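Undergrad: The file below is run_33.pdb, PDB, C-alpha atoms:
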```pdb
ATOM      1  CA  MET A   1     111.702 152.303  56.714
ATOM      2  CA  VAL A   2     109.604 149.128  56.687
ATOM      3  CA  PRO A   3     111.187 145.633  56.595
ATOM      4  CA  ARG A   4     110.016 145.099  52.991
ATOM      5  CA  ASP A   5     112.057 148.112  51.889
ATOM      6  CA  ILE A   6     115.109 146.818  53.746
ATOM      7  CA  LEU A   7     114.697 143.406  52.131
ATOM      8  CA  VAL A   8     114.325 144.724  48.579
ATOM      9  CA  LEU A   9     117.009 147.399  48.943
ATOM     10  CA  GLY A  10     119.374 144.774  50.264
ATOM     11  CA  LEU A  11     118.761 142.536  47.285
ATOM     12  CA  THR A  12     119.501 145.439  44.914
ATOM     13  CA  HIS A  13     122.846 145.719  46.719
ATOM     14  CA  ALA A  14     121.968 149.360  47.364
ATOM     15  CA  LEU A  15     122.683 149.031  51.078
ATOM     16  CA  ASP A  16     125.555 146.541  50.685
ATOM     17  CA  ILE A  17     123.703 143.946  52.761
ATOM     18  CA  PHE A  18     123.488 140.918  50.502
ATOM     19  CA  GLU A  19     122.719 139.972  46.906
ATOM     20  CA  GLU A  20     120.794 136.757  47.565
ATOM     21  CA  ILE A  21     119.269 135.082  50.606
ATOM     22  CA  LYS A  22     119.643 131.330  50.963
ATOM     23  CA  ASP A  23     116.682 128.948  51.116
ATOM     24  CA  PRO A  24     113.926 131.249  52.372
ATOM     25  CA  LEU A  25     111.095 128.874  51.501
ATOM     26  CA  HIS A  26     112.441 125.784  53.239
ATOM     27  CA  LEU A  27     114.658 127.181  56.002
ATOM     28  CA  VAL A  28     113.232 130.585  56.800
ATOM     29  CA  SER A  29     115.222 130.809  60.021
ATOM     30  CA  LYS A  30     118.463 130.826  58.035
ATOM     31  CA  SER A  31     117.357 133.682  55.803
ATOM     32  CA  TYR A  32     116.195 135.572  58.888
ATOM     33  CA  ASP A  33     119.608 135.082  60.459
ATOM     34  CA  GLN A  34     121.269 136.474  57.339
ATOM     35  CA  MET A  35     119.181 139.631  57.663
ATOM     36  CA  TYR A  36     119.767 139.866  61.410
ATOM     37  CA  GLY A  37     120.657 143.406  62.358
ATOM     38  CA  TRP A  38     118.534 144.882  59.570
ATOM     39  CA  VAL A  39     115.168 143.442  60.535
ATOM     40  CA  PRO A  40     113.812 145.362  63.567
ATOM     41  CA  ASP A  41     113.852 143.377  66.805
ATOM     42  CA  ARG A  42     110.046 143.504  67.075
ATOM     43  CA  TYR A  43     109.803 141.800  63.676
ATOM     44  CA  LYS A  44     109.778 138.163  64.840
ATOM     45  CA  ARG A  45     110.620 135.143  62.706
ATOM     46  CA  HIS A  46     107.020 134.280  61.829
ATOM     47  CA  HIS A  47     106.554 137.894  60.670
ATOM     48  CA  PHE A  48     109.652 137.561  58.525
ATOM     49  CA  ASN A  49     108.171 134.427  56.962
ATOM     50  CA  HIS A  50     105.064 136.420  56.008
ATOM     51  CA  LEU A  51     107.300 139.233  54.702
ATOM     52  CA  ILE A  52     109.014 136.827  52.289
ATOM     53  CA  TRP A  53     105.716 135.425  51.040
ATOM     54  CA  ARG A  54     104.063 138.850  50.631
ATOM     55  CA  THR A  55     107.047 140.222  48.746
ATOM     56  CA  LEU A  56     107.136 137.155  46.507
ATOM     57  CA  LYS A  57     103.404 137.512  45.813
ATOM     58  CA  ALA A  58     103.840 141.204  44.938
ATOM     59  CA  GLY A  59     106.490 140.261  42.378
ATOM     60  CA  TYR A  60     109.337 142.258  43.938
ATOM     61  CA  ILE A  61     111.439 139.135  44.543
ATOM     62  CA  GLU A  62     111.599 135.653  43.026
ATOM     63  CA  LYS A  63     112.980 132.270  43.996
ATOM     64  CA  ILE A  64     115.724 130.591  41.986
ATOM     65  CA  GLU A  65     117.673 127.339  42.271
ATOM     66  CA  LYS A  66     121.443 127.335  42.146
ATOM     67  CA  GLU A  67     123.573 124.247  42.705
ATOM     68  CA  GLY A  68     120.645 122.466  44.297
ATOM     69  CA  LYS A  69     119.861 125.294  46.735
ATOM     70  CA  ILE A  70     116.937 127.708  46.763
ATOM     71  CA  TYR A  71     117.626 131.461  46.840
ATOM     72  CA  ILE A  72     115.611 134.640  46.451
ATOM     73  CA  ARG A  73     116.667 137.606  44.373
ATOM     74  CA  ILE A  74     115.319 140.957  43.238
ATOM     75  CA  THR A  75     113.104 141.138  40.131
ATOM     76  CA  SER A  76     112.950 143.919  37.557
ATOM     77  CA  LEU A  77     109.712 145.050  39.221
ATOM     78  CA  GLY A  78     111.474 145.217  42.585
ATOM     79  CA  THR A  79     114.327 147.212  41.068
ATOM     80  CA  LYS A  80     111.868 149.674  39.538
ATOM     81  CA  MET A  81     110.162 150.018  42.913
ATOM     82  CA  THR A  82     113.420 150.973  44.635
ATOM     83  CA  GLN A  83     114.301 153.422  41.859
ATOM     84  CA  ARG A  84     110.897 155.052  42.322
ATOM     85  CA  ASP A  85     110.843 155.097  46.132
ATOM     86  CA  PHE A  86     114.579 155.673  46.763
ATOM     87  CA  PRO A  87     115.854 157.592  43.714
ATOM     88  CA  LEU A  88     118.968 158.992  45.383
ATOM     89  CA  LEU A  89     120.489 155.559  45.980
ATOM     90  CA  HIS A  90     120.757 155.106  42.219
ATOM     91  CA  LEU A  91     122.383 158.486  41.546
ATOM     92  CA  GLN A  92     125.404 158.253  43.820
ATOM     93  CA  ASN A  93     127.855 156.916  41.241
ATOM     94  CA  LYS A  94     126.864 159.157  38.333
ATOM     95  CA  PRO A  95     129.461 161.780  37.316
ATOM     96  CA  TRP A  96     128.436 165.399  37.789
ATOM     97  CA  ASP A  97     127.948 167.600  34.722
ATOM     98  CA  GLY A  98     128.763 170.741  36.745
ATOM     99  CA  LYS A  99     125.225 172.127  36.588
ATOM    100  CA  TRP A 100     122.921 173.060  39.428
ATOM    101  CA  ARG A 101     119.169 172.533  39.118
ATOM    102  CA  ILE A 102     117.277 175.319  40.850
ATOM    103  CA  VAL A 103     113.602 175.142  41.800
ATOM    104  CA  MET A 104     111.762 178.322  42.792
ATOM    105  CA  PHE A 105     108.101 178.499  43.728
ATOM    106  CA  ASP A 106     105.515 181.009  44.870
ATOM    107  CA  ILE A 107     102.431 179.163  46.077
ATOM    108  CA  ALA A 108      99.483 180.922  47.696
ATOM    109  CA  GLU A 109      98.433 180.082  51.250
ATOM    110  CA  ILE A 110      95.166 178.665  49.923
ATOM    111  CA  GLN A 111      97.274 175.866  48.384
ATOM    112  CA  LYS A 112      99.277 175.237  51.542
ATOM    113  CA  ARG A 113      98.797 171.462  51.384
ATOM    114  CA  LYS A 114     100.223 171.282  47.857
ATOM    115  CA  ARG A 115     103.091 173.528  48.927
ATOM    116  CA  ASP A 116     103.890 171.163  51.789
ATOM    117  CA  TYR A 117     103.740 168.173  49.424
ATOM    118  CA  LEU A 118     106.134 169.966  47.093
ATOM    119  CA  ARG A 119     108.637 170.659  49.869
ATOM    120  CA  GLU A 120     108.502 167.035  50.992
ATOM    121  CA  LYS A 121     109.088 165.855  47.437
ATOM    122  CA  LEU A 122     112.075 168.167  47.062
ATOM    123  CA  LYS A 123     113.609 166.780  50.245
ATOM    124  CA  GLU A 124     112.894 163.224  49.114
ATOM    125  CA  LEU A 125     114.780 163.928  45.887
ATOM    126  CA  GLY A 126     117.755 165.300  47.800
ATOM    127  CA  PHE A 127     117.255 169.006  47.075
ATOM    128  CA  GLY A 128     118.807 171.414  49.533
ATOM    129  CA  MET A 129     117.124 174.626  50.630
ATOM    130  CA  LEU A 130     118.989 177.711  49.438
ATOM    131  CA  GLN A 131     116.226 180.045  50.609
ATOM    132  CA  GLU A 132     112.725 179.435  51.917
ATOM    133  CA  SER A 133     111.202 178.895  48.473
ATOM    134  CA  VAL A 134     114.385 178.135  46.531
ATOM    135  CA  PHE A 135     115.847 174.618  46.416
ATOM    136  CA  ILE A 136     118.859 173.282  44.501
ATOM    137  CA  THR A 137     120.395 169.947  43.533
ATOM    138  CA  PRO A 138     123.326 168.816  41.363
ATOM    139  CA  HIS A 139     121.362 165.743  40.246
ATOM    140  CA  ASP A 140     119.850 165.663  36.764
ATOM    141  CA  ILE A 141     116.336 164.702  37.884
ATOM    142  CA  ILE A 142     114.341 167.627  36.541
ATOM    143  CA  LYS A 143     112.305 165.454  34.169
ATOM    144  CA  ASP A 144     110.934 163.319  37.000
ATOM    145  CA  PHE A 145     110.420 166.375  39.183
ATOM    146  CA  SER A 146     108.595 168.235  36.406
ATOM    147  CA  GLU A 147     106.245 165.291  35.949
ATOM    148  CA  TYR A 148     105.467 165.426  39.664
ATOM    149  CA  VAL A 149     104.780 169.176  39.520
ATOM    150  CA  GLU A 150     102.392 168.585  36.623
ATOM    151  CA  SER A 151     100.636 165.787  38.509
ATOM    152  CA  ILE A 152      99.762 168.018  41.476
ATOM    153  CA  GLY A 153      98.707 170.979  39.339
ATOM    154  CA  LEU A 154     101.494 173.430  40.209
ATOM    155  CA  ARG A 155     103.036 173.997  36.767
ATOM    156  CA  ASP A 156     102.242 177.730  36.830
ATOM    157  CA  SER A 157     103.628 178.197  40.354
ATOM    158  CA  VAL A 158     107.035 176.554  39.952
ATOM    159  CA  ASP A 159     110.092 177.688  37.965
ATOM    160  CA  VAL A 160     113.014 175.372  37.216
ATOM    161  CA  LEU A 161     116.439 176.619  36.093
ATOM    162  CA  GLU A 162     119.804 175.089  35.248
ATOM    163  CA  ALA A 163     122.896 177.112  36.121
ATOM    164  CA  LEU A 164     126.671 177.064  36.507
ATOM    165  CA  TYR A 165     128.192 178.371  39.719
ATOM    166  CA  ILE A 166     130.462 181.099  38.332
ATOM    167  CA  LEU A 167     131.623 182.997  41.418
ATOM    168  CA  GLY A 168     132.266 180.830  44.447
ATOM    169  CA  ASP A 169     133.109 177.306  45.519
ATOM    170  CA  SER A 170     130.602 174.554  44.664
ATOM    171  CA  ARG A 171     132.009 172.240  47.316
ATOM    172  CA  GLY A 172     131.651 174.971  49.922
ATOM    173  CA  LEU A 173     128.084 175.595  48.783
ATOM    174  CA  ALA A 174     127.230 171.913  49.132
ATOM    175  CA  LYS A 175     128.873 171.738  52.538
ATOM    176  CA  ARG A 176     126.785 174.661  53.777
ATOM    177  CA  ILE A 177     123.406 173.713  52.318
ATOM    178  CA  TRP A 178     123.400 170.001  53.171
ATOM    179  CA  LYS A 179     125.317 170.354  56.458
ATOM    180  CA  LEU A 180     127.787 167.734  55.263
ATOM    181  CA  GLU A 181     130.071 168.116  58.257
ATOM    182  CA  GLU A 182     127.250 167.105  60.610
ATOM    183  CA  LEU A 183     126.331 164.181  58.379
ATOM    184  CA  ASN A 184     129.945 163.106  58.125
ATOM    185  CA  GLU A 185     130.265 163.225  61.910
ATOM    186  CA  LYS A 186     127.399 160.728  62.192
ATOM    187  CA  TYR A 187     129.095 158.403  59.710
ATOM    188  CA  LEU A 188     132.381 158.736  61.569
ATOM    189  CA  GLU A 189     130.737 157.841  64.885
ATOM    190  CA  ILE A 190     129.159 154.786  63.272
ATOM    191  CA  PHE A 191     132.498 153.771  61.769
ATOM    192  CA  GLN A 192     134.280 154.058  65.107
ATOM    193  CA  GLU A 193     131.591 152.092  66.954
ATOM    194  CA  ALA A 194     131.455 149.435  64.222
ATOM    195  CA  LYS A 195     135.212 149.055  64.459
ATOM    196  CA  LYS A 196     134.913 148.399  68.202
ATOM    197  CA  ILE A 197     132.166 145.839  67.535
ATOM    198  CA  LYS A 198     134.303 144.133  64.899
ATOM    199  CA  ASN A 199     137.184 143.852  67.358
ATOM    200  CA  SER A 200     134.791 142.511  69.990
ATOM    201  CA  HIS A 201     133.740 139.744  67.592
ATOM    202  CA  LEU A 202     137.324 138.540  67.538
ATOM    203  CA  THR A 203     137.330 138.047  71.321
ATOM    204  CA  ILE A 204     133.666 137.215  71.901
ATOM    205  CA  THR A 205     132.616 134.950  74.771
ATOM    206  CA  ARG A 206     129.328 133.091  75.037
ATOM    207  CA  GLY A 207     128.075 135.291  77.874
ATOM    208  CA  ARG A 208     128.593 138.446  75.800
ATOM    209  CA  SER A 209     126.958 137.164  72.625
ATOM    210  CA  LYS A 210     123.445 138.540  73.193
ATOM    211  CA  GLN A 211     124.710 141.926  74.341
ATOM    212  CA  LEU A 212     126.985 142.192  71.314
ATOM    213  CA  ASN A 213     124.195 141.202  68.930
ATOM    214  CA  ASN A 214     122.041 143.999  70.321
ATOM    215  CA  LYS A 215     124.842 146.459  69.599
ATOM    216  CA  VAL A 216     125.156 145.065  66.077
ATOM    217  CA  ARG A 217     121.442 145.597  65.447
ATOM    218  CA  GLU A 218     121.515 149.131  66.831
ATOM    219  CA  ILE A 219     124.540 150.252  64.802
ATOM    220  CA  LYS A 220     123.110 148.881  61.558
ATOM    221  CA  GLU A 221     119.746 150.531  62.099
ATOM    222  CA  ARG A 222     121.556 153.819  62.751
ATOM    223  CA  TYR A 223     123.567 153.404  59.558
ATOM    224  CA  VAL A 224     120.435 152.856  57.451
ATOM    225  CA  LYS A 225     118.774 155.907  59.007
ATOM    226  CA  VAL A 226     121.770 158.146  58.276
ATOM    227  CA  LEU A 227     122.207 156.668  54.805
ATOM    228  CA  LEU A 228     118.636 157.491  53.844
ATOM    229  CA  SER A 229     119.095 161.102  54.983
ATOM    230  CA  ASP A 230     122.176 161.442  52.757
ATOM    231  CA  PRO A 231     121.687 163.552  49.582
ATOM    232  CA  PHE A 232     124.207 161.327  47.736
ATOM    233  CA  LEU A 233     125.948 164.264  46.112
ATOM    234  CA  PRO A 234     128.551 163.676  43.395
ATOM    235  CA  SER A 235     131.940 162.829  44.871
ATOM    236  CA  VAL A 236     133.492 166.122  43.714
ATOM    237  CA  LEU A 237     131.136 167.967  46.078
ATOM    238  CA  LEU A 238     131.830 165.827  49.152
ATOM    239  CA  PRO A 239     134.378 166.561  51.884
ATOM    240  CA  LYS A 240     137.650 164.766  51.254
ATOM    241  CA  ASN A 241     137.269 162.770  54.481
ATOM    242  CA  TYR A 242     133.649 161.734  53.942
ATOM    243  CA  SER A 243     133.141 158.542  55.960
ATOM    244  CA  ARG A 244     129.995 157.044  54.389
ATOM    245  CA  ASP A 245     131.754 154.304  52.401
ATOM    246  CA  GLN A 246     134.250 153.668  55.166
ATOM    247  CA  ALA A 247     131.434 153.025  57.643
ATOM    248  CA  GLY A 248     129.560 150.903  55.106
ATOM    249  CA  GLU A 249     132.565 148.660  54.508
ATOM    250  CA  LEU A 250     132.735 147.728  58.180
ATOM    251  CA  ILE A 251     129.098 146.725  58.549
ATOM    252  CA  ARG A 252     128.619 144.626  55.421
ATOM    253  CA  LEU A 253     127.166 141.266  56.401
ATOM    254  CA  ARG A 254     129.176 139.568  53.688
ATOM    255  CA  ARG A 255     132.460 140.652  55.244
ATOM    256  CA  LYS A 256     134.245 138.594  57.891
ATOM    257  CA  PRO A 257     134.118 138.742  60.812
ATOM    258  CA  ARG A 258     130.402 139.289  60.310
ATOM    259  CA  LEU A 259     128.677 142.053  62.188
TER
END
```
Step by step, read the file and then write its structure as structure tokens.

TA:
Amino acid sequence: MVPRDILVLGLTHALDIFEEIKDPLHLVSKSYDQMYGWVPDRYKRHHFNHLIWRTLKAGYIEKIEKEGKIYIRITSLGTKMTQRDFPLLHLQNKPWDGKWRIVMFDIAEIQKRKRDYLREKLKELGFGMLQESVFITPHDIIKDFSEYVESIGLRDSVDVLEALYILGDSRGLAKRIWKLEELNEKYLEIFQEAKKIKNSHLTITRGRSKQLNNKVREIKERYVKVLLSDPFLPSVLLPKNYSRDQAGELIRLRRKPRL
């Protein structure tokens, strides 16, 4: 994930980072500090300054004045960009209609590149592999997927079905296909480590500050990586002890003590 994506996703509140950044055009160092832990270490302050300007120029963010202070916020164009590039983040709170969307394809070896593109797109949209050429999802995104299939010329090689799971347990199916226990274990590890970091902030000494900040950066980067591998299934399909939100609560920059 590039820093621009982190910036724009943060402003959409999709990653629970922040909703606005203070004074980026006059005091860039302050806005950089507010993103600290999300901007990669190699992305120095002068690079961050260029990031703000490039993103402003592209129209994904805009500057506003509030109570005499300058802020930046997401634009409608930026929101559309995140919906296009990160569709799953905008599906997580939608109720499930109980239907599974099933994609089956039979694509000849001569079209191997298109077949690989199709598989990558299915993974990007959060589909899980039921069999080698059969993928499923509970999300109602068939319209967008069908448009993609049309665009790469595979309409005659792909079948799309909607179905109800009659015999069996949908939660068990989701657990098996998306390996939710493994994913939940990663969230739980992040939660436990973030909790230790939070407690360390309460007793921090000057000599430990740099070391602690490095841990903060590492745990947040890990959280983003795991979050973007999450299929964001409807809550009725998740394990009862799913730790994604619990981990996210601890590492919000807007919470105190700040991580």

Undergrad: Sorted by chain and rising residue number, which residues of region 40-128 of chain A lie within 6 Å of region 147-164 of chain A, and what are their closest atom pairs and distances in Å to one decimal, counting all atoms listed in the file, as a tab-separated table?

TA:
```
residue	atom	partner	partner_atom	distance
A:Lys99	CA	A:Leu164	CA	5.1
A:Trp100	CA	A:Ala163	CA	5.2
A:Arg101	CA	A:Glu162	CA	4.7
A:Ile102	CA	A:Leu161	CA	5.0
A:Val103	CA	A:Val160	CA	4.6
A:Met104	CA	A:Asp159	CA	5.1
A:Phe105	CA	A:Val158	CA	4.4
A:Asp106	CA	A:Ser157	CA	5.6
A:Ile107	CA	A:Ser157	CA	5.9
```

Undergrad: Put those residues in a file: C-alpha atoms, as a tab-separated table (two decimals), in the frame of the given file.

TA:
```
chain	number	residue	atom	x	y	z
A	99	LYS	CA	125.22	172.13	36.59
A	100	TRP	CA	122.92	173.06	39.43
A	101	ARG	CA	119.17	172.53	39.12
A	102	ILE	CA	117.28	175.32	40.85
A	103	VAL	CA	113.60	175.14	41.80
A	104	MET	CA	111.76	178.32	42.79
A	105	PHE	CA	108.10	178.50	43.73
A	106	ASP	CA	105.52	181.01	44.87
A	107	ILE	CA	102.43	179.16	46.08
```

Undergrad: Report as a VMD selection string the residues that result from applying the PyMOL selection byres ((chain A and resi 173) around 12) to the structure here.

TA: chain A and resid 100 128 to 130 136 to 138 165 167 to 172 174 to 180 233 237 to 239

Undergrad: For a test of reading the model, state the distance in Å between CA of Asn184 (chain A) and CA of Ile251 (chain A), rounded to one decimal.

TA: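 Pair CA of Asn184 (chain A) / CA of Ile251 (chain A) returns 16.4 Å.
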
Undergrad: Could you check how far CA of Leu51 (chain A) sits from CA of Gly68 (chain A), in Å to one decimal?

TA: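 We find that CA of Leu51 (chain A) and CA of Gly68 (chain A) lie 23.8 Å from each other.
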
Undergrad: Taking the file as shown, find all residues satisfying the PyMOL selection byres ((chain A and resi 91-96) around 10) and write them as a ChimeraX atom specification.

TA: /A:83,86-90,97-100,138-141,231-237
